[in-house]
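As stored in final-v9.cif (mmCIF, C-alpha atoms):
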data_model
loop_
_atom_site.label_atom_id
_atom_site.label_comp_id
_atom_site.auth_asym_id
_atom_site.auth_seq_id
_atom_site.Cartn_x
_atom_site.Cartn_y
_atom_site.Cartn_z
CA MET A 1 30.62 7.09 -4.59
CA ILE A 2 29.46 8.29 -1.16
CA ALA A 3 25.71 8.92 -0.98
CA THR A 4 24.66 11.85 1.18
CA ASP A 5 21.52 10.21 2.57
CA PHE A 6 18.60 7.87 1.79
CA TRP A 7 17.45 10.02 -1.12
CA ASP A 8 20.86 10.03 -2.76
CA ALA A 9 21.23 6.26 -2.34
CA VAL A 10 18.09 5.41 -4.32
CA GLY A 11 18.67 4.10 -7.84
CA ASN A 12 21.67 2.98 -9.91
CA THR A 13 20.80 -0.64 -9.19
CA PRO A 14 22.50 -3.31 -11.32
CA LEU A 15 21.00 -5.45 -14.02
CA ILE A 16 21.47 -9.14 -13.21
CA ARG A 17 21.54 -11.78 -15.94
CA LEU A 18 18.97 -14.41 -15.06
CA ARG A 19 20.77 -17.57 -16.06
CA ARG A 20 17.97 -20.14 -16.11
CA ALA A 21 15.51 -17.86 -17.91
CA SER A 22 18.17 -16.89 -20.45
CA GLU A 23 19.20 -20.48 -21.13
CA GLU A 24 15.59 -21.61 -21.40
CA THR A 25 14.76 -19.03 -24.07
CA GLY A 26 18.01 -18.40 -25.93
CA CYS A 27 17.62 -14.73 -25.06
CA GLU A 28 19.37 -12.45 -22.61
CA ILE A 29 16.88 -11.93 -19.78
CA LEU A 30 18.02 -9.28 -17.33
CA GLY A 31 16.48 -8.30 -14.01
CA LYS A 32 16.80 -4.78 -12.60
CA ALA A 33 17.76 -5.44 -8.97
CA GLU A 34 15.42 -2.94 -7.33
CA PHE A 35 15.50 -4.87 -4.05
CA MET A 36 18.94 -3.26 -3.63
CA ASN A 37 17.45 0.20 -3.08
CA PRO A 38 17.90 1.41 0.54
CA GLY A 39 14.23 0.82 1.39
CA GLY A 40 14.34 -2.59 -0.25
CA SER A 41 12.08 -2.06 -3.26
CA VAL A 42 11.45 -0.29 -6.56
CA LYS A 43 8.96 1.95 -4.71
CA ASP A 44 11.82 3.95 -3.20
CA ARG A 45 12.08 5.71 -6.57
CA ALA A 46 8.43 6.72 -6.55
CA ALA A 47 8.71 7.88 -2.93
CA VAL A 48 11.64 10.18 -3.64
CA GLY A 49 10.00 11.45 -6.83
CA ILE A 50 6.68 12.20 -5.15
CA LEU A 51 8.19 13.91 -2.10
CA GLY A 52 10.65 15.82 -4.27
CA GLU A 53 7.77 17.17 -6.34
CA ALA A 54 5.91 18.11 -3.13
CA VAL A 55 8.94 20.18 -2.12
CA ARG A 56 9.10 21.86 -5.53
CA ARG A 57 5.41 22.76 -5.24
CA GLY A 58 5.89 24.19 -1.75
CA LEU A 59 3.76 21.52 -0.05
CA LEU A 60 6.71 20.38 2.05
CA THR A 61 9.67 22.46 3.19
CA LEU A 62 13.11 21.20 4.10
CA GLY A 63 13.85 21.78 7.76
CA GLN A 64 10.23 22.39 8.69
CA PRO A 65 7.61 19.99 10.09
CA GLY A 66 5.51 18.14 7.55
CA THR A 67 3.44 14.99 7.13
CA VAL A 68 2.83 12.72 4.15
CA VAL A 69 -0.14 10.35 3.99
CA GLU A 70 -0.52 7.42 1.64
CA GLY A 71 -2.59 4.32 1.03
CA THR A 72 -0.36 1.45 -0.01
CA ALA A 73 0.12 -2.30 -0.13
CA GLY A 74 3.32 -1.70 1.80
CA ASN A 75 6.42 -0.95 -0.25
CA THR A 76 5.53 2.60 -1.26
CA GLY A 77 4.69 3.28 2.38
CA ILE A 78 8.09 1.97 3.43
CA GLY A 79 9.86 4.15 0.86
CA LEU A 80 7.82 7.22 1.82
CA ALA A 81 8.35 6.70 5.55
CA LEU A 82 12.11 6.31 5.19
CA ALA A 83 12.43 9.22 2.75
CA ALA A 84 10.33 11.37 5.10
CA ASN A 85 12.45 10.34 8.09
CA ALA A 86 15.54 11.51 6.23
CA ARG A 87 14.00 14.98 5.88
CA GLY A 88 12.48 15.22 9.35
CA TRP A 89 8.86 14.70 8.25
CA LYS A 90 6.24 12.29 9.57
CA SER A 91 4.27 9.65 7.67
CA VAL A 92 0.80 8.15 8.02
CA ILE A 93 0.44 4.93 6.06
CA VAL A 94 -2.93 3.27 5.41
CA VAL A 95 -2.57 -0.45 4.62
CA PRO A 96 -5.11 -3.21 3.87
CA GLU A 97 -4.99 -5.65 6.77
CA THR A 98 -4.57 -8.53 4.28
CA GLN A 99 -1.03 -7.49 3.37
CA SER A 100 1.95 -9.48 4.60
CA ARG A 101 2.69 -9.19 8.30
CA GLU A 102 6.35 -8.52 7.52
CA LYS A 103 5.59 -5.29 5.65
CA ILE A 104 3.16 -4.06 8.30
CA ASP A 105 5.63 -4.78 11.10
CA PHE A 106 8.43 -3.10 9.17
CA LEU A 107 6.36 0.05 8.67
CA ARG A 108 5.78 0.27 12.41
CA MET A 109 9.45 -0.44 13.11
CA ILE A 110 10.59 2.53 11.02
CA GLY A 111 8.23 4.94 12.75
CA ALA A 112 5.28 5.20 10.39
CA ASP A 113 1.82 5.83 11.84
CA VAL A 114 0.19 2.68 10.43
CA ARG A 115 -3.59 2.58 9.96
CA LEU A 116 -4.94 -0.86 9.03
CA VAL A 117 -8.25 -1.05 7.15
CA ALA A 118 -10.42 -3.90 5.93
CA PRO A 119 -10.13 -4.75 2.22
CA LYS A 120 -12.81 -2.90 0.26
CA PRO A 121 -13.49 -2.25 -3.44
CA LEU A 122 -12.19 1.04 -4.82
CA SER A 123 -15.77 2.33 -5.04
CA ASP A 124 -16.14 2.05 -1.24
CA PRO A 125 -15.19 5.08 0.92
CA GLY A 126 -13.38 2.64 3.22
CA HIS A 127 -10.95 1.52 0.51
CA TYR A 128 -7.39 2.16 1.65
CA VAL A 129 -6.73 4.78 -1.04
CA ASN A 130 -9.93 6.67 -0.26
CA THR A 131 -9.20 6.45 3.45
CA SER A 132 -5.72 7.89 2.97
CA ARG A 133 -7.07 10.80 0.96
CA ARG A 134 -9.63 11.58 3.66
CA ILE A 135 -6.99 11.44 6.42
CA ALA A 136 -4.70 13.77 4.45
CA GLU A 137 -7.53 16.27 4.00
CA GLU A 138 -8.43 16.14 7.69
CA MET A 139 -4.81 16.63 8.78
CA GLY A 140 -3.93 19.22 6.15
CA ALA A 141 -1.12 16.89 5.15
CA VAL A 142 0.39 15.97 1.78
CA TRP A 143 -1.45 13.10 0.07
CA ALA A 144 1.09 11.15 -1.97
CA ASN A 145 -1.59 9.72 -4.32
CA GLN A 146 0.87 7.32 -5.94
CA PHE A 147 -1.66 5.87 -8.40
CA ASP A 148 -2.44 9.15 -10.16
CA ASN A 149 0.52 11.34 -9.19
CA GLN A 150 2.54 11.84 -12.36
CA ALA A 151 5.67 12.45 -10.28
CA ASN A 152 5.70 8.66 -9.83
CA ALA A 153 6.11 7.85 -13.53
CA ALA A 154 8.36 10.88 -14.00
CA ALA A 155 10.81 9.47 -11.45
CA HIS A 156 11.17 6.29 -13.51
CA GLU A 157 11.39 8.21 -16.77
CA ALA A 158 14.25 10.24 -15.30
CA THR A 159 16.13 7.41 -13.59
CA THR A 160 15.10 3.77 -14.15
CA GLY A 161 14.65 4.01 -17.92
CA PRO A 162 17.95 5.82 -18.62
CA GLU A 163 19.78 3.41 -16.30
CA ILE A 164 18.43 0.41 -18.23
CA TRP A 165 19.39 2.03 -21.53
CA ALA A 166 22.93 2.72 -20.31
CA GLU A 167 23.40 -0.69 -18.67
CA THR A 168 22.33 -2.54 -21.82
CA GLU A 169 24.26 -0.09 -24.03
CA GLY A 170 21.05 0.34 -25.97
CA LYS A 171 20.85 -3.37 -26.78
CA ILE A 172 17.32 -3.95 -25.53
CA ASP A 173 14.43 -5.40 -27.49
CA ALA A 174 11.68 -5.52 -24.87
CA PHE A 175 10.80 -4.37 -21.38
CA THR A 176 8.09 -6.00 -19.29
CA CYS A 177 6.83 -5.58 -15.76
CA SER A 178 3.63 -5.72 -13.74
CA CYS A 179 1.68 -2.63 -12.71
CA GLY A 180 0.36 -1.53 -9.36
CA THR A 181 0.40 2.22 -9.86
CA GLY A 182 1.78 1.89 -13.39
CA GLY A 183 4.61 4.31 -12.64
CA THR A 184 7.46 1.95 -13.39
CA LEU A 185 6.09 0.67 -16.70
CA ALA A 186 4.97 4.09 -17.94
CA GLY A 187 8.15 5.91 -16.98
CA VAL A 188 10.53 3.27 -18.30
CA ALA A 189 8.45 2.92 -21.48
CA ARG A 190 8.67 6.64 -22.27
CA ALA A 191 12.40 6.75 -21.60
CA LEU A 192 13.16 3.69 -23.75
CA LYS A 193 10.78 4.61 -26.58
CA ALA A 194 12.46 8.02 -26.83
CA LYS A 195 15.74 6.22 -27.53
CA LYS A 196 14.43 3.27 -29.54
CA PRO A 197 10.83 3.57 -30.80
CA ASP A 198 10.53 -0.08 -31.76
CA VAL A 199 11.42 -1.46 -28.31
CA GLN A 200 8.49 -3.60 -27.17
CA ILE A 201 6.74 -2.59 -23.94
CA VAL A 202 4.68 -5.41 -22.43
CA LEU A 203 2.44 -5.11 -19.37
CA ALA A 204 2.52 -8.21 -17.14
CA ASP A 205 -0.67 -8.86 -15.20
CA PRO A 206 -1.84 -11.39 -12.60
CA HIS A 207 -5.25 -13.03 -12.60
CA GLY A 208 -7.82 -10.89 -10.82
CA SER A 209 -6.58 -7.74 -12.55
CA GLY A 210 -8.23 -5.99 -15.47
CA LEU A 211 -5.16 -4.33 -16.98
CA PHE A 212 -4.45 -7.26 -19.33
CA SER A 213 -7.89 -6.89 -20.93
CA TRP A 214 -7.49 -3.09 -20.96
CA VAL A 215 -4.36 -3.37 -23.11
CA LYS A 216 -5.88 -6.07 -25.32
CA THR A 217 -9.41 -4.69 -25.74
CA GLY A 218 -9.55 -1.20 -24.26
CA ALA A 219 -11.94 -2.33 -21.51
CA VAL A 220 -11.03 -3.15 -17.90
CA SER A 221 -12.29 -6.67 -17.20
CA ALA A 222 -10.97 -8.83 -14.37
CA GLU A 223 -11.32 -12.56 -13.81
CA GLY A 224 -9.95 -14.90 -11.16
CA ASN A 225 -7.69 -13.83 -8.30
CA SER A 226 -4.04 -13.80 -7.27
CA ILE A 227 -1.91 -14.00 -4.15
CA THR A 228 0.48 -11.31 -5.42
CA GLU A 229 0.51 -8.08 -3.44
CA GLY A 230 0.60 -4.53 -4.75
CA ILE A 231 0.14 -5.31 -8.44
CA GLY A 232 -2.84 -5.44 -10.75
CA GLN A 233 -6.00 -3.34 -10.76
CA ALA A 234 -9.46 -4.89 -10.81
CA SER A 235 -11.57 -1.92 -11.85
CA LYS A 236 -9.58 1.20 -12.66
CA VAL A 237 -6.61 2.15 -14.82
CA PRO A 238 -4.16 4.20 -12.71
CA GLY A 239 -3.52 7.74 -13.88
CA ASN A 240 0.17 6.95 -14.31
CA LEU A 241 -0.72 4.69 -17.25
CA THR A 242 -2.45 7.51 -19.14
CA ASN A 243 -0.94 7.66 -22.65
CA ALA A 244 1.78 5.16 -21.69
CA PRO A 245 3.22 3.60 -24.87
CA ILE A 246 2.31 -0.05 -24.22
CA ASP A 247 2.54 -2.55 -27.08
CA ASP A 248 1.14 -5.72 -25.55
CA ALA A 249 0.21 -7.55 -22.35
CA VAL A 250 0.67 -11.04 -20.92
CA ARG A 251 -1.18 -12.74 -18.07
CA ILE A 252 0.71 -14.84 -15.52
CA SER A 253 -0.73 -17.34 -13.03
CA ASP A 254 0.31 -17.66 -9.39
CA PRO A 255 2.01 -21.07 -9.92
CA GLU A 256 4.06 -19.61 -12.79
CA ALA A 257 5.15 -16.67 -10.63
CA LEU A 258 6.00 -18.90 -7.67
CA GLU A 259 8.03 -21.24 -9.86
CA GLN A 260 10.29 -18.33 -10.77
CA CYS A 261 10.52 -17.09 -7.15
CA PHE A 262 11.62 -20.51 -5.95
CA SER A 263 13.95 -21.14 -8.90
CA LEU A 264 15.71 -17.77 -8.57
CA LEU A 265 16.30 -18.42 -4.88
CA ALA A 266 17.44 -22.06 -5.12
CA GLU A 267 19.46 -21.84 -8.33
CA GLU A 268 20.70 -18.25 -8.57
CA GLY A 269 20.76 -16.99 -4.99
CA LEU A 270 18.21 -14.25 -5.62
CA SER A 271 15.52 -13.86 -2.96
CA VAL A 272 12.58 -11.99 -4.49
CA GLY A 273 8.87 -11.44 -3.88
CA GLY A 274 5.87 -12.55 -5.88
CA SER A 275 5.74 -9.59 -8.24
CA ALA A 276 9.35 -10.21 -9.26
CA GLY A 277 8.53 -13.87 -9.91
CA LEU A 278 5.60 -12.79 -12.06
CA ASN A 279 7.83 -10.33 -13.94
CA VAL A 280 10.41 -13.00 -14.72
CA ALA A 281 7.70 -15.39 -15.90
CA ALA A 282 6.43 -12.61 -18.17
CA ALA A 283 9.92 -11.95 -19.52
CA ILE A 284 10.24 -15.65 -20.39
CA GLN A 285 6.90 -15.55 -22.19
CA VAL A 286 7.90 -12.44 -24.13
CA ALA A 287 11.28 -13.97 -25.00
CA LYS A 288 9.69 -17.14 -26.34
CA ALA A 289 7.33 -15.09 -28.49
CA MET A 290 10.17 -12.97 -29.88
CA GLY A 291 12.55 -15.87 -30.45
CA PRO A 292 16.22 -16.46 -29.57
CA GLY A 293 18.81 -13.69 -29.70
CA HIS A 294 16.81 -10.89 -28.10
CA THR A 295 17.38 -8.95 -24.89
CA ILE A 296 14.47 -8.58 -22.48
CA VAL A 297 14.64 -6.54 -19.27
CA THR A 298 12.30 -6.81 -16.30
CA VAL A 299 12.18 -5.66 -12.67
CA LEU A 300 13.06 -7.56 -9.50
CA CYS A 301 10.79 -5.39 -7.38
CA ASP A 302 11.60 -6.44 -3.82
CA GLY A 303 13.04 -9.21 -1.66
CA GLY A 304 11.43 -12.43 -0.55
CA ALA A 305 11.87 -11.78 3.18
CA ARG A 306 8.82 -9.48 3.08
CA TYR A 307 6.64 -12.49 2.22
CA GLN A 308 8.08 -15.16 4.50
CA SER A 309 4.74 -15.74 6.24
CA LYS A 310 2.98 -16.28 2.91
CA LEU A 311 5.00 -17.20 -0.18
CA PHE A 312 7.57 -19.16 1.85
CA ASN A 313 5.13 -20.66 4.34
CA PRO A 314 4.36 -24.30 3.37
CA GLU A 315 1.10 -24.41 5.31
CA TRP A 316 -0.16 -21.18 3.76
CA LEU A 317 0.74 -22.41 0.26
CA ARG A 318 -0.85 -25.83 0.73
CA GLU A 319 -4.10 -24.27 1.94
CA ARG A 320 -4.33 -22.54 -1.43
CA GLY A 321 -3.27 -25.52 -3.53
CA LEU A 322 -0.02 -23.82 -4.54
CA PRO A 323 3.41 -25.41 -5.02
CA VAL A 324 5.76 -25.60 -2.03
CA PRO A 325 9.52 -25.20 -2.54
CA PRO A 326 11.15 -28.61 -2.03
CA TRP A 327 13.50 -27.42 0.72
CA LEU A 328 10.47 -26.33 2.80
CA ALA A 329 8.23 -29.29 2.00
#

Let's see the structure in the file written out as structure tokens.
Amino acid sequence: MIATDFWDAVGNTPLIRLRRASEETGCEILGKAEFMNPGGSVKDRAAVGILGEAVRRGLLTLGQPGTVVEGTAGNTGIGLALAANARGWKSVIVVPETQSREKIDFLRMIGADVRLVAPKPLSDPGHYVNTSRRIAEEMGAVWANQFDNQANAAAHEATTGPEIWAETEGKIDAFTCSCGTGGTLAGVARALKAKKPDVQIVLADPHGSGLFSWVKTGAVSAEGNSITEGIGQASKVPGNLTNAPIDDAVRISDPEALEQCFSLLAEEGLSVGGSAGLNVAAAIQVAKAMGPGHTIVTVLCDGGARYQSKLFNPEWLRERGLPVPPWLA
């Protein structure tokens, strides 16, 4: 197949059998290799879905100038900037200054107008999402609004979910992944539940996020903190999770997530970021609860190179009391 451009190249990523996780649990644990999208992450799907919907609504026009603005931890901004470049539009990306240097530098490299802001709670007008909305209003630009824009989840319902169903030939017992915007989990859940109502949908959450308690109790309550970027919500449930058919939730610690990151790299040649490590740890937990013989699918969200200065930096890890991979010790 010859893709026509960035937009056409997004999706149809393979499922990879995760050998160690599968052997450890007696289940088939499969990772959707979203780091193989052209922008390097699962967020490419949301970017194309959101901009495509903006075109359908007449907010952007092919062949005419346009600008998209978004507040993001990095990967959605990268996907939006590249997708916009492919259509001749500009992008303004608002990023918390605490995000990895690699993602910030990459955004600048690909031509995005990057605006760094101090980390603030969502209730503060200076929060990166609120800042991006204000900039979009001032410029008369399109605000992507990935957290509440239903085009995000719709993109996964139309592509990621059906791909997983086809790649497993319908032999899937559970799907689990973490949530930043909730688009991936909600969209995949709806697609899979439409085919197999009893498939288990499990939200994976880091410490410091309140989505685990929201699934378990109905109330958003956060405790602790996490080094993972772009996942978890401390105080608000994203609009994309509205009415999402979620069956359960698991909570994963940073050491558990890092163990999977380092193991996948050293033993299986898969370089992934912290959210992917957390997702694999969650899939193992779900598999152990279900018992041997089941098939669990999760998402390998992005590659490890975007976190070299943090997750693969021995000094940074030691300062936080976190494990260091033996080959970097």

Next item on the list: Name every residue that the PyMOL selection byres ((chain A and resi 188) around 8) selects in this structure, writing the answer as a list in words with chains first and numbers rising.
Entry: Ala153, His156, Glu157, Thr160, Gly161, Pro162, Thr184, Leu185, Ala186, Gly187, Ala189, Arg190, Ala191 and Leu192 of chain A

Note to self: So, with all atoms listed in the file as the atoms that count, which of A:Ser271, A:Asn279, A:Gln260, A:Ser235 lies closest to Pro121 (chain A)?
What the structure shows: A:Ser235

Item checked: Hits from the PyMOL selection byres ((chain A and resi 79) around 9), listed as a VMD selection string -> chain A and resid 38 to 48 74 to 78 80 to 84

Got time to write the residues from that selection, C-alpha atoms, as a compact mmCIF listing (two decimals), keeping the file's coordinate frame?
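Just written: selection38.txt:
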# COMPACT_ATOMS: atom_id res chain seq x y z
CA PRO A 38 17.90 1.41 0.54
CA GLY A 39 14.23 0.82 1.39
CA GLY A 40 14.34 -2.59 -0.25
CA SER A 41 12.08 -2.06 -3.26
CA VAL A 42 11.45 -0.29 -6.56
CA LYS A 43 8.96 1.95 -4.71
CA ASP A 44 11.82 3.95 -3.20
CA ARG A 45 12.08 5.71 -6.57
CA ALA A 46 8.43 6.72 -6.55
CA ALA A 47 8.71 7.88 -2.93
CA VAL A 48 11.64 10.18 -3.64
CA GLY A 74 3.32 -1.70 1.80
CA ASN A 75 6.42 -0.95 -0.25
CA THR A 76 5.53 2.60 -1.26
CA GLY A 77 4.69 3.28 2.38
CA ILE A 78 8.09 1.97 3.43
CA LEU A 80 7.82 7.22 1.82
CA ALA A 81 8.35 6.70 5.55
CA LEU A 82 12.11 6.31 5.19
CA ALA A 83 12.43 9.22 2.75
CA ALA A 84 10.33 11.37 5.10

Note to self: Here is a test: counting only C-alpha atoms, which residue of A:Pro96, A:Gly182, A:Pro245, A:Gly321 is nearest to Leu116 (chain A)?
What the structure shows: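 Looking at the shortest contact to Leu116 (chain A), the residue is A:Pro96.
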
Notebook entry, point to check: Hey, what comes out of the PyMOL selection byres ((chain A and resi 294) around 7) on this file? Could you write it as a PyMOL selection string?
Noted result: chain A and resi 27-28+173+291-293+295-296

Check: Which one is closest to Asn37 (chain A): A:Glu23, A:Glu138, A:Glu167, A:Asp8? Count only C-alpha atoms.
Finding: A:Asp8

Margin query: Ranking A:Leu311, A:Leu241, A:Val299, A:Ala118 by minimum distance to Gly274 (chain A) and counting only C-alpha atoms, which one comes first?
Written below: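 Between A:Leu311, A:Leu241, A:Val299, A:Ala118, the residue approaching Gly274 (chain A) most closely is A:Leu311.
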
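Atom pair CA of Glu53 (chain A) / CA of Ser209 (chain A): separated by 29.4 Å.
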
Item checked: Two-atom distance - CA of Gly180 (chain A), CA of Ser213 (chain A) (Å) ->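 Computing the Euclidean distance for CA of Gly180 (chain A) and CA of Ser213 (chain A) yields 15.2 Å.
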
Next item on the list: Would you list the contacts of Asn313 (chain A) as a ChimeraX atom specification, taking every protein, DNA or RNA residue within 10 Å and counting all atoms listed in the file, but skipping same-chain residues closer than 4 positions in sequence?
Entry: /A:307-309,317-318,324-325,328-329

Check: Near Ala141 (chain A), within 8 Å and counting all atoms listed in the file, which residues show up once chain neighbours fewer than 2 positions away are dropped, as a PyMOL selection string?
Finding: chain A and resi 66-69+136-139+143

Note to self: When you look at Leu264 (chain A) with a cut-off of 10 Å (counting all atoms listed in the file), what residues show up, excluding the ones that are within fewer than 4 positions of it in the same chain? I need them as a list in words.
What the structure shows: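 In the requested format, the answer is Leu18, Arg19, Arg20, Ala21, Leu258, Glu259, Gln260, Glu268, Gly269, Leu270, Ser271, Val272, Ala276, Gly277 and Val280 of chain A.
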